[in-house]
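Trainee: One structure, as structure tokens, below. Some questions next.
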Amino acid sequence: MTTTTAPALNARVIALAHHAPRALLEGVLTRYGITFHQSVTLRAAVVAGASVDRDELVAEVTGALKTDASVVHGVIEELTAAELLEAHESRLHVTSTGRDLYERTSAESAGIAARLYAGIPEQDLATAARVLTLITTRANNELSEP
């Protein structure tokens, strides 16, 4: 019987754990004709409620994706052109088409997560969440330092 030892947690392990599931998600998003950045932005708009201030959405997505605000403004324009978001002055509203797309991609994403996390004890998932949240917080703190 062969026993494998779990690797030590490091940046490579975290990156691999991010990129493999993301590749699965990107397969879903590609079938629906949207990008990862568009998906993250649409999700943030849906979660915000009936409408969201454009600058608030840009700040939310910029923080989540660690990208430049100009990139997020471009993504918002793409979502608006695709009629997934509507712009009313400085407020953005998710269209019914956008909400439907979000719901369909979220359901498929949830299915992927359920398969990937199946059989992992809740205690292990809670520990992983605490550790990854701590690492994220520390990285965000360093990014915010001058």
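In the structure tokens, chains take the letters A, B, ... in the order shown, each chain's residues start at 1, and ligands count up from 1 in the order shown.
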For the structure I just gave you, how does DSSP split range 44-100 of chain A - specifically, which residues are strand (DSSP E)? Reply as an MDAnalysis selection string.
Mentor: chainID A and resid 52:53 85:88 91:94
Trainee: Go through range 75-105 of chain A and flag each residue having an atom no more than 6 Å from range 47-58 of chain A; for those, report the closest pair of atoms plus their distance in Å to one decimal, using only C-alpha atoms, ordered by chain and rising number, as a tab-separated table.
Mentor:
residue	atom	partner	partner_atom	distance
A:Ser90	CA	A:Arg54	CA	5.5
A:Arg91	CA	A:Asp53	CA	4.5
A:Leu92	CA	A:Val52	CA	5.3
A:His93	CA	A:Ser51	CA	4.6
Trainee: Can you list, as JSON, numbers by chain, every protein, DNA or RNA residue that comes within 10 Å of range 66-70 of chain A when you count only C-alpha atoms, leaving out same-chain residues fewer than 5 positions away?
Mentor: {"A": [37, 55, 58, 59, 60, 61, 75, 76, 140, 143]}
Trainee: Could you turn the residues from that selection into a file that holds N, CA, C and O atoms, as a PDB file, in the first residue's frame?
Mentor:
ATOM      1  N   HIS A  37     -13.933  37.634 -15.730  1.00  0.00           N
ATOM      2  CA  HIS A  37     -14.099  38.993 -15.208  1.00  0.00           C
ATOM      3  C   HIS A  37     -15.554  39.449 -15.315  1.00  0.00           C
ATOM      4  O   HIS A  37     -16.084  40.094 -14.409  1.00  0.00           O
ATOM      5  N   ASP A  55     -19.475  53.317  -9.124  1.00  0.00           N
ATOM      6  CA  ASP A  55     -18.189  53.405  -8.428  1.00  0.00           C
ATOM      7  C   ASP A  55     -18.052  52.340  -7.345  1.00  0.00           C
ATOM      8  O   ASP A  55     -16.963  51.802  -7.128  1.00  0.00           O
ATOM      9  N   VAL A  58     -17.297  49.090  -9.159  1.00  0.00           N
ATOM     10  CA  VAL A  58     -15.905  49.107  -9.614  1.00  0.00           C
ATOM     11  C   VAL A  58     -14.965  48.814  -8.438  1.00  0.00           C
ATOM     12  O   VAL A  58     -14.051  48.001  -8.549  1.00  0.00           O
ATOM     13  N   ALA A  59     -15.211  49.435  -7.307  1.00  0.00           N
ATOM     14  CA  ALA A  59     -14.364  49.215  -6.134  1.00  0.00           C
ATOM     15  C   ALA A  59     -14.438  47.766  -5.669  1.00  0.00           C
ATOM     16  O   ALA A  59     -13.406  47.150  -5.349  1.00  0.00           O
ATOM     17  N   GLU A  60     -15.638  47.218  -5.634  1.00  0.00           N
ATOM     18  CA  GLU A  60     -15.828  45.824  -5.210  1.00  0.00           C
ATOM     19  C   GLU A  60     -15.062  44.864  -6.110  1.00  0.00           C
ATOM     20  O   GLU A  60     -14.332  43.997  -5.647  1.00  0.00           O
ATOM     21  N   VAL A  61     -15.230  45.016  -7.413  1.00  0.00           N
ATOM     22  CA  VAL A  61     -14.612  44.086  -8.365  1.00  0.00           C
ATOM     23  C   VAL A  61     -13.100  44.313  -8.447  1.00  0.00           C
ATOM     24  O   VAL A  61     -12.333  43.357  -8.533  1.00  0.00           O
ATOM     25  N   VAL A  75     -15.193  46.121 -18.414  1.00  0.00           N
ATOM     26  CA  VAL A  75     -16.062  44.953 -18.233  1.00  0.00           C
ATOM     27  C   VAL A  75     -17.511  45.402 -18.055  1.00  0.00           C
ATOM     28  O   VAL A  75     -18.424  44.797 -18.627  1.00  0.00           O
ATOM     29  N   ILE A  76     -17.739  46.456 -17.300  1.00  0.00           N
ATOM     30  CA  ILE A  76     -19.098  46.982 -17.122  1.00  0.00           C
ATOM     31  C   ILE A  76     -19.666  47.408 -18.467  1.00  0.00           C
ATOM     32  O   ILE A  76     -20.837  47.144 -18.771  1.00  0.00           O
ATOM     33  N   ASN A 140      -3.946  41.282   1.433  1.00  0.00           N
ATOM     34  CA  ASN A 140      -4.666  42.542   1.218  1.00  0.00           C
ATOM     35  C   ASN A 140      -4.054  43.664   2.065  1.00  0.00           C
ATOM     36  O   ASN A 140      -3.940  44.808   1.595  1.00  0.00           O
ATOM     37  N   LEU A 143      -0.946  44.770   0.349  1.00  0.00           N
ATOM     38  CA  LEU A 143      -1.269  45.526  -0.864  1.00  0.00           C
ATOM     39  C   LEU A 143      -1.713  46.948  -0.540  1.00  0.00           C
ATOM     40  O   LEU A 143      -1.513  47.854  -1.346  1.00  0.00           O
TER      41      LEU A 143
END
Trainee: I'd like the contact shell of Thr97 in chain A - 12 Å cut-off, only C-alpha atoms, skipping same-chain residues fewer than 6 positions apart - returned as an MDAnalysis selection string.
Mentor: chainID A and resid 32 42 46 79:80 82:86 103:104
Trainee: Please measure the separation of CA of Ala114 in chain A and CA of Gly27 in chain A, giving the value in Å to one decimal.
Mentor: 16.5 Å
Trainee: Mind listing the helix (DSSP H, G or I) residues of range 35-128 of chain A, per DSSP on the backbone, as an NGL selection string?
Mentor: :A and (36-48 or 54-65 or 69-81 or 96-117 or 122-128)
Trainee: Interatomic distance between CA of Asn141 in chain A and CA of Ala129 in chain A?
Mentor: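 One can read the CA of Asn141 in chain A to CA of Ala129 in chain A distance as 18.0 Å.
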Trainee: Kindly give the distance, in Å, that separates CA of Thr35 in chain A and CA of Thr136 in chain A, rounded to a single decimal.
Mentor: 23.4 Å
